[in-house]
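J.: Input data-v3.txt, format and content: compact mmCIF, C-alpha atoms.
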# COMPACT_ATOMS: atom_id res chain seq x y z
CA MET F 1 26.81 19.41 -4.93
CA ALA F 2 23.94 21.85 -4.36
CA GLU F 3 21.56 19.12 -3.12
CA SER F 4 24.15 17.68 -0.72
CA LEU F 5 24.87 21.15 0.66
CA ASP F 6 21.16 21.85 1.14
CA ASP F 7 20.90 18.59 3.08
CA LEU F 8 23.22 20.07 5.70
CA GLN F 9 20.32 22.04 7.20
CA LYS F 10 19.18 18.89 8.98
CA PHE F 11 22.22 19.25 11.27
CA VAL F 12 20.98 22.56 12.73
CA GLY F 13 20.06 21.89 16.35
CA ASN F 14 22.44 18.96 16.73
CA ASN F 15 23.94 19.07 20.21
CA GLN F 16 26.12 17.12 22.57
CA THR F 17 27.34 17.41 26.14
CA ALA F 18 30.91 16.94 27.37
CA GLU F 19 32.57 17.12 30.76
CA ASP F 20 36.06 18.11 31.86
CA VAL F 21 38.01 19.37 34.88
CA ILE F 22 39.92 22.66 34.99
CA THR F 23 43.51 21.69 35.81
CA ALA F 24 46.52 23.85 36.59
CA SER F 25 48.67 21.67 34.32
CA GLN F 26 46.57 22.40 31.21
CA VAL F 27 46.42 26.11 32.05
CA GLY F 28 50.20 26.02 32.43
CA ARG F 29 50.63 24.47 28.98
CA LEU F 30 48.70 27.33 27.42
CA ALA F 31 50.73 29.84 29.44
CA VAL F 32 54.05 28.58 28.08
CA ALA F 33 52.57 28.34 24.57
CA LEU F 34 51.74 32.06 24.82
CA ASP F 35 55.06 32.79 26.59
CA VAL F 36 53.40 34.31 29.67
CA ASP F 37 53.56 33.52 33.38
CA HIS F 38 51.29 30.78 34.73
CA PRO F 39 48.14 32.70 35.83
CA ALA F 40 46.47 29.95 37.90
CA PRO F 41 48.92 27.49 39.49
CA ASN F 42 46.86 26.64 42.56
CA LYS F 43 43.49 25.04 43.23
CA GLY F 44 40.78 27.68 43.32
CA ASP F 45 42.73 30.22 41.23
CA PRO F 46 40.64 31.94 38.53
CA VAL F 47 41.54 31.18 34.91
CA PRO F 48 41.77 34.16 32.53
CA PRO F 49 38.72 34.74 30.31
CA GLY F 50 38.97 32.87 27.02
CA TRP F 51 41.29 30.16 28.29
CA HIS F 52 38.43 27.65 28.53
CA SER F 53 39.01 26.68 24.89
CA VAL F 54 42.01 24.49 25.75
CA PHE F 55 39.65 22.13 27.57
CA PHE F 56 37.23 19.63 26.03
CA PRO F 57 39.72 18.58 23.29
CA PRO F 58 38.25 17.04 20.10
CA LEU F 59 39.08 13.34 20.47
CA VAL F 60 38.69 12.24 16.85
CA PRO F 61 40.34 9.01 15.60
CA LEU F 62 42.68 9.20 12.59
CA ALA F 63 40.17 7.31 10.43
CA ARG F 64 37.69 10.17 10.84
CA LEU F 65 40.02 12.97 9.74
CA ARG F 66 39.90 14.72 6.38
CA GLU F 67 43.00 15.21 4.24
CA ASP F 68 43.53 18.58 5.90
CA GLY F 69 43.65 16.98 9.38
CA GLN F 70 40.22 18.21 10.45
CA PRO F 71 37.30 15.94 11.43
CA THR F 72 35.08 14.62 8.63
CA GLY F 73 32.11 14.97 10.92
CA GLY F 74 30.81 13.25 13.99
CA GLY F 75 29.62 14.84 17.17
CA VAL F 76 27.62 17.91 16.16
CA ALA F 77 29.82 18.80 13.18
CA PRO F 78 28.13 18.31 9.80
CA PRO F 79 30.06 16.43 7.07
CA VAL F 80 30.44 19.43 4.74
CA PRO F 81 31.53 18.12 1.29
CA LEU F 82 34.08 20.89 0.70
CA PRO F 83 37.85 20.26 1.05
CA ARG F 84 39.02 23.44 2.85
CA ARG F 85 38.03 25.15 6.06
CA ARG F 86 39.12 27.95 8.37
CA LEU F 87 37.82 29.70 11.45
CA LEU F 88 36.18 33.01 10.59
CA GLY F 89 35.56 34.37 14.05
CA VAL F 90 34.29 33.93 17.58
CA ARG F 91 31.95 35.88 19.88
CA GLY F 92 32.47 35.13 23.57
CA ALA F 93 30.71 36.30 26.74
CA TYR F 94 32.34 35.60 30.12
CA ASN F 95 29.85 35.53 32.98
CA ASP F 96 31.90 33.82 35.68
CA ALA F 97 35.57 32.90 36.00
CA LEU F 98 36.45 29.23 35.75
CA ARG F 99 38.67 28.11 38.62
CA VAL F 100 41.29 25.40 38.92
CA GLY F 101 39.55 22.33 40.27
CA ASP F 102 36.15 23.14 38.78
CA ASP F 103 34.14 20.34 37.21
CA VAL F 104 32.86 21.84 33.97
CA THR F 105 30.18 20.89 31.46
CA LYS F 106 30.01 22.08 27.86
CA ILE F 107 26.91 21.91 25.68
CA THR F 108 27.78 22.29 21.99
CA GLU F 109 25.03 23.02 19.47
CA VAL F 110 24.92 23.80 15.75
CA SER F 111 22.95 27.05 15.77
CA SER F 112 22.95 27.85 12.03
CA ILE F 113 24.28 26.77 8.64
CA THR F 114 24.38 29.20 5.72
CA ILE F 115 25.28 28.48 2.09
CA ASP F 116 26.63 31.23 -0.15
CA ASP F 117 28.77 31.88 -3.22
CA ARG F 118 31.41 34.61 -3.13
CA GLY F 119 32.52 34.14 -6.72
CA ALA F 120 34.75 31.08 -6.36
CA GLY F 121 32.12 28.40 -5.85
CA PRO F 122 29.86 27.50 -2.93
CA VAL F 123 30.91 28.22 0.63
CA VAL F 124 29.29 27.01 3.84
CA THR F 125 29.39 28.82 7.18
CA VAL F 126 28.62 26.66 10.21
CA THR F 127 27.92 28.50 13.46
CA VAL F 128 28.36 26.49 16.65
CA ARG F 129 27.33 27.71 20.10
CA GLU F 130 29.21 26.42 23.15
CA THR F 131 27.90 26.93 26.67
CA VAL F 132 30.32 26.13 29.51
CA SER F 133 28.95 25.77 33.04
CA THR F 134 30.10 24.94 36.56
CA ASN F 135 28.06 24.15 39.68
CA ARG F 136 27.84 27.96 40.11
CA GLY F 137 25.99 28.37 36.80
CA THR F 138 26.83 29.44 33.24
CA ALA F 139 30.42 30.65 32.94
CA VAL F 140 31.03 31.11 29.19
CA ILE F 141 28.95 31.35 26.03
CA ASP F 142 30.87 31.15 22.75
CA GLU F 143 29.67 31.29 19.17
CA ARG F 144 32.11 30.13 16.47
CA ASP F 145 31.81 30.63 12.72
CA VAL F 146 33.69 28.10 10.58
CA LEU F 147 33.93 28.63 6.82
CA TYR F 148 34.13 25.66 4.43
CA PHE F 149 35.19 26.30 0.83
CA GLY F 150 36.58 24.68 -2.32
CA GLU F 151 40.05 24.37 -3.78
CA ASP F 152 39.72 27.71 -5.59
CA GLY F 153 39.45 29.57 -2.30
CA PRO F 154 36.56 31.22 -0.47
CA GLY F 155 36.09 34.06 -2.95
CA GLY F 156 35.45 37.70 -2.09
CA THR F 157 35.12 38.99 1.46
CA ASP F 158 33.20 41.81 3.12
CA GLU F 159 34.77 45.23 3.58
CA PRO F 160 36.70 45.35 6.88
CA PRO F 161 35.53 47.80 9.57
CA SER F 162 37.11 51.23 9.90
CA LEU F 163 39.89 51.45 12.46
CA PRO F 164 41.12 54.18 14.83
CA GLU F 165 43.89 56.37 13.46
CA THR F 166 46.16 55.67 16.43
CA ALA F 167 46.71 52.84 18.90
CA ALA F 168 47.47 53.24 22.59
CA TRP F 169 48.60 49.62 22.81
CA THR F 170 50.85 47.86 20.32
CA ARG F 171 53.13 44.82 20.23
CA THR F 172 54.86 42.97 17.43
CA TYR F 173 55.32 39.18 17.45
CA GLU F 174 57.55 36.96 15.40
CA ALA F 175 55.58 34.31 13.50
CA ASN F 176 57.36 31.57 15.43
CA PRO F 177 56.65 28.02 14.15
CA VAL F 178 57.30 26.59 17.62
CA MET F 179 54.69 28.91 19.15
CA ILE F 180 52.26 27.93 16.38
CA PHE F 181 52.89 24.23 17.02
CA ARG F 182 52.57 24.55 20.79
CA LEU F 183 49.24 26.36 20.52
CA SER F 184 47.94 23.68 18.14
CA ALA F 185 49.22 20.95 20.46
CA VAL F 186 47.68 22.33 23.65
CA ARG F 187 44.32 22.65 21.84
CA PHE F 188 44.74 19.21 20.19
CA ASN F 189 44.17 20.92 16.83
CA SER F 190 45.40 18.72 13.96
CA HIS F 191 44.69 21.17 11.11
CA ARG F 192 47.72 20.66 8.85
CA ILE F 193 47.95 24.27 7.65
CA HIS F 194 49.49 25.14 11.03
CA TYR F 195 52.39 22.64 11.04
CA ASP F 196 52.75 20.77 7.72
CA ARG F 197 54.54 23.22 5.41
CA ASP F 198 54.68 20.86 2.41
CA TYR F 199 50.93 20.24 2.56
CA THR F 200 50.12 23.90 3.23
CA THR F 201 52.15 25.27 0.33
CA GLY F 202 51.83 22.35 -2.10
CA THR F 203 48.21 21.28 -1.63
CA GLU F 204 46.40 24.34 -0.30
CA GLY F 205 48.60 26.82 -2.14
CA TYR F 206 49.36 29.12 0.77
CA PRO F 207 52.76 30.89 0.80
CA GLY F 208 53.64 29.63 4.29
CA LEU F 209 52.28 28.11 7.48
CA VAL F 210 49.07 29.75 8.69
CA VAL F 211 49.32 31.39 12.12
CA PRO F 212 46.17 30.19 13.93
CA VAL F 213 43.66 32.98 14.33
CA THR F 214 43.04 31.50 17.78
CA LEU F 215 46.68 32.23 18.64
CA VAL F 216 46.27 35.82 17.50
CA SER F 217 43.06 36.12 19.53
CA PHE F 218 44.75 34.73 22.65
CA LEU F 219 47.53 37.30 22.26
CA MET F 220 44.94 40.06 21.86
CA MET F 221 43.22 38.97 25.08
CA GLU F 222 46.60 38.78 26.80
CA MET F 223 47.28 42.37 25.70
CA CYS F 224 44.05 43.41 27.45
CA ARG F 225 45.04 41.46 30.56
CA ALA F 226 48.48 43.11 30.63
CA GLU F 227 47.30 46.64 29.91
CA ALA F 228 44.18 46.54 32.11
CA PRO F 229 45.01 43.99 34.84
CA ASP F 230 42.29 45.16 37.23
CA THR F 231 39.43 44.95 34.69
CA PRO F 232 39.04 41.42 33.29
CA LEU F 233 37.25 40.81 30.02
CA SER F 234 33.49 40.37 30.12
CA ALA F 235 33.22 39.84 26.35
CA PHE F 236 35.55 39.39 23.40
CA SER F 237 34.84 38.87 19.72
CA TYR F 238 37.15 38.61 16.75
CA GLN F 239 36.95 38.23 13.01
CA SER F 240 39.53 36.85 10.55
CA GLU F 241 39.92 39.27 7.62
CA LYS F 242 42.71 37.28 5.96
CA PRO F 243 45.16 34.56 7.02
CA VAL F 244 48.39 35.48 8.82
CA PHE F 245 51.38 33.59 7.42
CA ASP F 246 54.70 32.80 9.09
CA LEU F 247 56.63 34.86 6.52
CA GLY F 248 57.34 37.74 8.87
CA PRO F 249 56.24 39.47 12.08
CA TYR F 250 52.68 40.51 12.81
CA THR F 251 51.56 43.44 14.97
CA ILE F 252 48.67 43.62 17.42
CA SER F 253 47.21 47.03 18.28
CA GLY F 254 44.52 48.24 20.65
CA ALA F 255 42.63 51.49 21.14
CA PRO F 256 40.77 51.60 24.49
CA ASP F 257 37.73 53.84 24.91
CA GLY F 258 36.19 53.52 28.36
CA ASP F 259 35.28 49.89 28.93
CA ARG F 260 35.60 49.05 25.20
CA VAL F 261 38.78 48.26 23.30
CA GLN F 262 38.93 48.11 19.51
CA MET F 263 41.77 45.83 18.40
CA TRP F 264 43.37 44.78 15.14
CA THR F 265 46.27 42.77 13.77
CA THR F 266 48.35 43.54 10.69
CA ASP F 267 50.61 41.03 8.99
CA TYR F 268 54.22 41.31 7.82
CA GLU F 269 53.10 43.32 4.78
CA GLY F 270 50.97 45.70 6.85
CA ALA F 271 47.71 44.18 5.63
CA LEU F 272 44.76 44.00 8.03
CA ALA F 273 44.38 40.37 9.13
CA VAL F 274 42.25 40.20 12.31
CA THR F 275 39.82 42.66 13.91
CA ALA F 276 38.43 42.36 17.43
CA ASN F 277 36.33 44.08 20.06
CA ALA F 278 36.91 43.63 23.78
CA THR F 279 34.63 44.66 26.63
CA LEU F 280 36.19 45.17 30.05
CA ALA F 281 34.25 44.45 33.23
CA LYS F 282 33.02 47.61 34.87
CA ARG F 283 35.00 48.63 37.92
Just give me the structure of the file as structure tokens.

T.:
Amino acid sequence: MAESLDDLQKFVGNNQTAEDVITASQVGRLAVALDVDHPAPNKGDPVPPGWHSVFFPPLVPLARLREDGQPTGGGVAPPVPLPRRRLLGVRGAYNDALRVGDDVTKITEVSSITIDDRGAGPVVTVTVRETVSTNRGTAVIDERDVLYFGEDGPGGTDEPPSLPETAAWTRTYEANPVMIFRLSAVRFNSHRIHYDRDYTTGTEGYPGLVVPVTLVSFLMMEMCRAEAPDTPLSAFSYQSEKPVFDLGPYTISGAPDGDRVQMWTTDYEGALAVTANATLAKR
């Protein structure tokens, strides 16, 4: 196992280029998945920051999917020989708004691969950088950390950051399986922990369906858009502290301080699940 994991370093630097078109119909699908009004119904309308991730869907044939519904490899993704995976976090910078009708190009590159052991066996963190551009220049730069781990779980985690004592913004959401499914569908995400309850509880041992951390992050960004409509996001990063399960409601909170907003999500038991930092564009 150790030798095969060490061999993964050869995938650092792997890259590929994809093209897509920003369409009002795809933006509308995400809007209804998040239960918000369509923000960009007409050609030329700007798309909210962060919404680029519903484009460039991963078109992976069934034969190249793992048991958990995720790709075995191909493209830039390394074939990590560990059976479980989840998204740890994302760091995004938004330089220019994408607009309906834009032809867009995405360059995806494996920027780093780290191997560790948190007490439950080896874990692998793959960091992928995505750069999205239009004919106006670079629009978005994302870095995504994906954690691969064994059947005994990922092991211990780092201490979460300290949080403000009070929140100026707060909203509670029901862990709605239809919302979870719609978000997975619009992103063409086939990870079974988000829709296959028998697999999730029986094979992976989770107590319920896993609410996608990407869904939570979208709702965090939407909170910023609703609370500060005149100052769009220029950067947003989030970190998964623990999975959110569909066993009860979860609450998103935000504490703005100038052009920065510290955000966090607690699950149905009040446990800290997701932390985030948003930067608002200067007026």

J.: Which of these, F:His194, F:His52, F:Arg118, F:Arg84, has the shortest distance to F:Leu98 once you count all atoms listed in the file?

T.: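 Among the listed residues, the smallest separation from F:Leu98 belongs to F:His52.
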
J.: Name the residues in contact with F:Val216 at a cut-off of 12 Å, using only C-alpha atoms, excluding same-chain residues fewer than 2 positions from it; report them as a PyMOL selection string.

T.: chain F and resi 34+89+171-175+179-180+183+210-214+218-223+238-240+243-245+249-253+263-267+273-276

J.: Quick one: residues within 12 Å of (44.1, 55.9, 15.3) (file frame), counting only C-alpha atoms, please, as a compact mmCIF listing (two decimals) with C-alpha atoms, in the coordinates of the input.

T.:
# COMPACT_ATOMS: atom_id res chain seq x y z
CA SER F 162 37.11 51.23 9.90
CA LEU F 163 39.89 51.45 12.46
CA PRO F 164 41.12 54.18 14.83
CA GLU F 165 43.89 56.37 13.46
CA THR F 166 46.16 55.67 16.43
CA ALA F 167 46.71 52.84 18.90
CA ALA F 168 47.47 53.24 22.59
CA TRP F 169 48.60 49.62 22.81
CA THR F 170 50.85 47.86 20.32
CA SER F 253 47.21 47.03 18.28
CA GLY F 254 44.52 48.24 20.65
CA ALA F 255 42.63 51.49 21.14
CA PRO F 256 40.77 51.60 24.49
CA ASP F 257 37.73 53.84 24.91
CA GLN F 262 38.93 48.11 19.51
CA MET F 263 41.77 45.83 18.40
CA TRP F 264 43.37 44.78 15.14

J.: What is the atom CA of F:Lys282-atom CA of F:Ala228 distance in Å, reported with one decimal?

T.: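 Taking atom CA of F:Lys282 as the start and atom CA of F:Ala228 as the end point, the length is 11.5 Å.
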
J.: Can you work out which one of F:Leu88, F:Val27, F:Val21, F:Ala33 has the shortest atom-to-atom distance to F:Asp103, counting only C-alpha atoms?

T.: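 Result for the nearest residue to F:Asp103: F:Val21.
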
J.: Tell me which of F:Pro207, F:Gly50, F:Arg182, F:Asp259 sits closest to F:Val32, counting only C-alpha atoms.

T.: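 For F:Val32, the nearest of the candidates is F:Arg182.
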
J.: State, in Å with one decimal place, the distance from atom CA of F:Arg29 to atom CA of F:Gln16.

T.: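 Distance between the two atoms: 26.4 Å.
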
J.: If you count only C-alpha atoms, which residues fall within 7 Å of stretch 58-64 of chain F, apart from same-chain ones fewer than 4 positions away, as a ChimeraX atom specification?

T.: /F:71-72,188

J.: Would you mind exporting the chosen residues as a PDB file, keeping the file's coordinate frame, restricted to C-alpha atoms?

T.:
ATOM      1  CA  PRO F  71      37.300  15.940  11.430  1.00  0.00           C
ATOM      2  CA  THR F  72      35.080  14.620   8.630  1.00  0.00           C
ATOM      3  CA  PHE F 188      44.740  19.210  20.190  1.00  0.00           C
TER       4      PHE F 188
END

J.: Name all residues at most 10 Å from F:Ser53 (count only C-alpha atoms; drop same-chain ones fewer than 3 positions away) and give them as JSON, numbers by chain.

T.: {"F": [49, 50, 56, 57, 130, 132, 142, 186, 187, 214]}

J.: Taking into account only C-alpha atoms, which residue in the set F:Ser4, F:Asn176, F:Asn95, F:Ser237 is nearest to F:Leu82?

T.: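 Selected residue with least distance to F:Leu82: F:Ser4.
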
J.: With all atoms listed in the file as the atoms that count, which of F:Cys224, F:Gly69, F:Pro81, F:Ile113 lies nearest to F:Tyr195?

T.: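 The shortest atom-to-atom distance to F:Tyr195 comes from F:Gly69.
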
J.: Which residues are close to F:Gln70, i.e. within 6 Å by all atoms listed in the file, leaving aside same-chain residues fewer than 4 positions away? Reply as a list in words.

T.: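 Those residues are Leu65, Arg66 and His191 of chain F.
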
J.: Which residue is closest to F:Leu215? Choose from F:Asp37, F:Pro177, F:Glu151, F:Asn135 and count all atoms listed in the file.

T.: F:Pro177

J.: Between atom CA of F:Lys106 and atom CA of F:Ala18, what is the distance, to one decimal in Å?

T.: 5.2 Å

J.: Give me, as a PyMOL selection string, all polymer residues having an atom no more than 8 Å from F:Ile115, counting only C-alpha atoms and skipping those fewer than 6 positions away in the same chain.

T.: chain F and resi 5-6+122-125

J.: Report, as JSON, the axis-aligned box around all atoms of stretch 146-165 of chain F present in the file, extended by 5 Å on each side; give centre and edge lengths in Å to one decimal place.

T.:
{"center_x": 38.5, "center_y": 40.4, "center_z": 4.6, "size_x": 20.7, "size_y": 42.0, "size_z": 30.4}

J.: Can you take the partial stretch 223-239 of chain F, add N, CA, C and O atoms, and return it as a PDB file, in the coordinates of the input?

T.:
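The resulting file, selection21.pdb, is reproduced below:
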ATOM      1  N   MET F 223      46.954  40.938  25.706  1.00  0.00           N
ATOM      2  CA  MET F 223      47.280  42.370  25.700  1.00  0.00           C
ATOM      3  C   MET F 223      46.310  43.122  26.619  1.00  0.00           C
ATOM      4  O   MET F 223      46.730  43.988  27.399  1.00  0.00           O
ATOM      5  N   CYS F 224      45.031  42.779  26.551  1.00  0.00           N
ATOM      6  CA  CYS F 224      44.050  43.410  27.450  1.00  0.00           C
ATOM      7  C   CYS F 224      44.379  43.097  28.906  1.00  0.00           C
ATOM      8  O   CYS F 224      44.293  43.976  29.780  1.00  0.00           O
ATOM      9  N   ARG F 225      44.743  41.859  29.179  1.00  0.00           N
ATOM     10  CA  ARG F 225      45.040  41.460  30.560  1.00  0.00           C
ATOM     11  C   ARG F 225      46.275  42.186  31.097  1.00  0.00           C
ATOM     12  O   ARG F 225      46.328  42.557  32.275  1.00  0.00           O
ATOM     13  N   ALA F 226      47.261  42.417  30.212  1.00  0.00           N
ATOM     14  CA  ALA F 226      48.480  43.110  30.630  1.00  0.00           C
ATOM     15  C   ALA F 226      48.261  44.611  30.798  1.00  0.00           C
ATOM     16  O   ALA F 226      48.780  45.225  31.733  1.00  0.00           O
ATOM     17  N   GLU F 227      47.490  45.187  29.891  1.00  0.00           N
ATOM     18  CA  GLU F 227      47.300  46.640  29.910  1.00  0.00           C
ATOM     19  C   GLU F 227      46.222  47.077  30.895  1.00  0.00           C
ATOM     20  O   GLU F 227      46.238  48.210  31.372  1.00  0.00           O
ATOM     21  N   ALA F 228      45.262  46.205  31.188  1.00  0.00           N
ATOM     22  CA  ALA F 228      44.180  46.540  32.110  1.00  0.00           C
ATOM     23  C   ALA F 228      44.010  45.392  33.106  1.00  0.00           C
ATOM     24  O   ALA F 228      42.993  44.690  33.109  1.00  0.00           O
ATOM     25  N   PRO F 229      45.015  45.182  33.973  1.00  0.00           N
ATOM     26  CA  PRO F 229      45.010  43.990  34.840  1.00  0.00           C
ATOM     27  C   PRO F 229      43.896  43.969  35.872  1.00  0.00           C
ATOM     28  O   PRO F 229      43.555  42.896  36.381  1.00  0.00           O
ATOM     29  N   ASP F 230      43.317  45.118  36.195  1.00  0.00           N
ATOM     30  CA  ASP F 230      42.290  45.160  37.230  1.00  0.00           C
ATOM     31  C   ASP F 230      40.873  45.086  36.651  1.00  0.00           C
ATOM     32  O   ASP F 230      39.901  45.127  37.407  1.00  0.00           O
ATOM     33  N   THR F 231      40.754  44.993  35.327  1.00  0.00           N
ATOM     34  CA  THR F 231      39.430  44.950  34.690  1.00  0.00           C
ATOM     35  C   THR F 231      39.390  43.779  33.714  1.00  0.00           C
ATOM     36  O   THR F 231      39.705  43.950  32.536  1.00  0.00           O
ATOM     37  N   PRO F 232      39.050  42.583  34.170  1.00  0.00           N
ATOM     38  CA  PRO F 232      39.040  41.420  33.290  1.00  0.00           C
ATOM     39  C   PRO F 232      37.998  41.554  32.182  1.00  0.00           C
ATOM     40  O   PRO F 232      37.044  42.335  32.282  1.00  0.00           O
ATOM     41  N   LEU F 233      38.175  40.795  31.140  1.00  0.00           N
ATOM     42  CA  LEU F 233      37.250  40.810  30.020  1.00  0.00           C
ATOM     43  C   LEU F 233      35.889  40.260  30.423  1.00  0.00           C
ATOM     44  O   LEU F 233      35.802  39.245  31.116  1.00  0.00           O
ATOM     45  N   SER F 234      34.833  40.927  29.973  1.00  0.00           N
ATOM     46  CA  SER F 234      33.490  40.370  30.120  1.00  0.00           C
ATOM     47  C   SER F 234      32.972  39.860  28.780  1.00  0.00           C
ATOM     48  O   SER F 234      32.028  39.058  28.743  1.00  0.00           O
ATOM     49  N   ALA F 235      33.584  40.323  27.679  1.00  0.00           N
ATOM     50  CA  ALA F 235      33.220  39.840  26.350  1.00  0.00           C
ATOM     51  C   ALA F 235      34.379  40.094  25.402  1.00  0.00           C
ATOM     52  O   ALA F 235      35.148  41.048  25.585  1.00  0.00           O
ATOM     53  N   PHE F 236      34.497  39.227  24.416  1.00  0.00           N
ATOM     54  CA  PHE F 236      35.550  39.390  23.400  1.00  0.00           C
ATOM     55  C   PHE F 236      35.081  38.717  22.125  1.00  0.00           C
ATOM     56  O   PHE F 236      34.612  37.572  22.142  1.00  0.00           O
ATOM     57  N   SER F 237      35.188  39.433  21.020  1.00  0.00           N
ATOM     58  CA  SER F 237      34.840  38.870  19.720  1.00  0.00           C
ATOM     59  C   SER F 237      35.923  39.229  18.722  1.00  0.00           C
ATOM     60  O   SER F 237      36.557  40.283  18.822  1.00  0.00           O
ATOM     61  N   TYR F 238      36.143  38.326  17.770  1.00  0.00           N
ATOM     62  CA  TYR F 238      37.150  38.610  16.750  1.00  0.00           C
ATOM     63  C   TYR F 238      36.710  38.043  15.416  1.00  0.00           C
ATOM     64  O   TYR F 238      35.894  37.121  15.330  1.00  0.00           O
ATOM     65  N   GLN F 239      37.288  38.612  14.364  1.00  0.00           N
ATOM     66  CA  GLN F 239      36.950  38.230  13.010  1.00  0.00           C
ATOM     67  C   GLN F 239      38.230  38.121  12.189  1.00  0.00           C
ATOM     68  O   GLN F 239      39.081  39.008  12.230  1.00  0.00           O
TER      69      GLN F 239
END
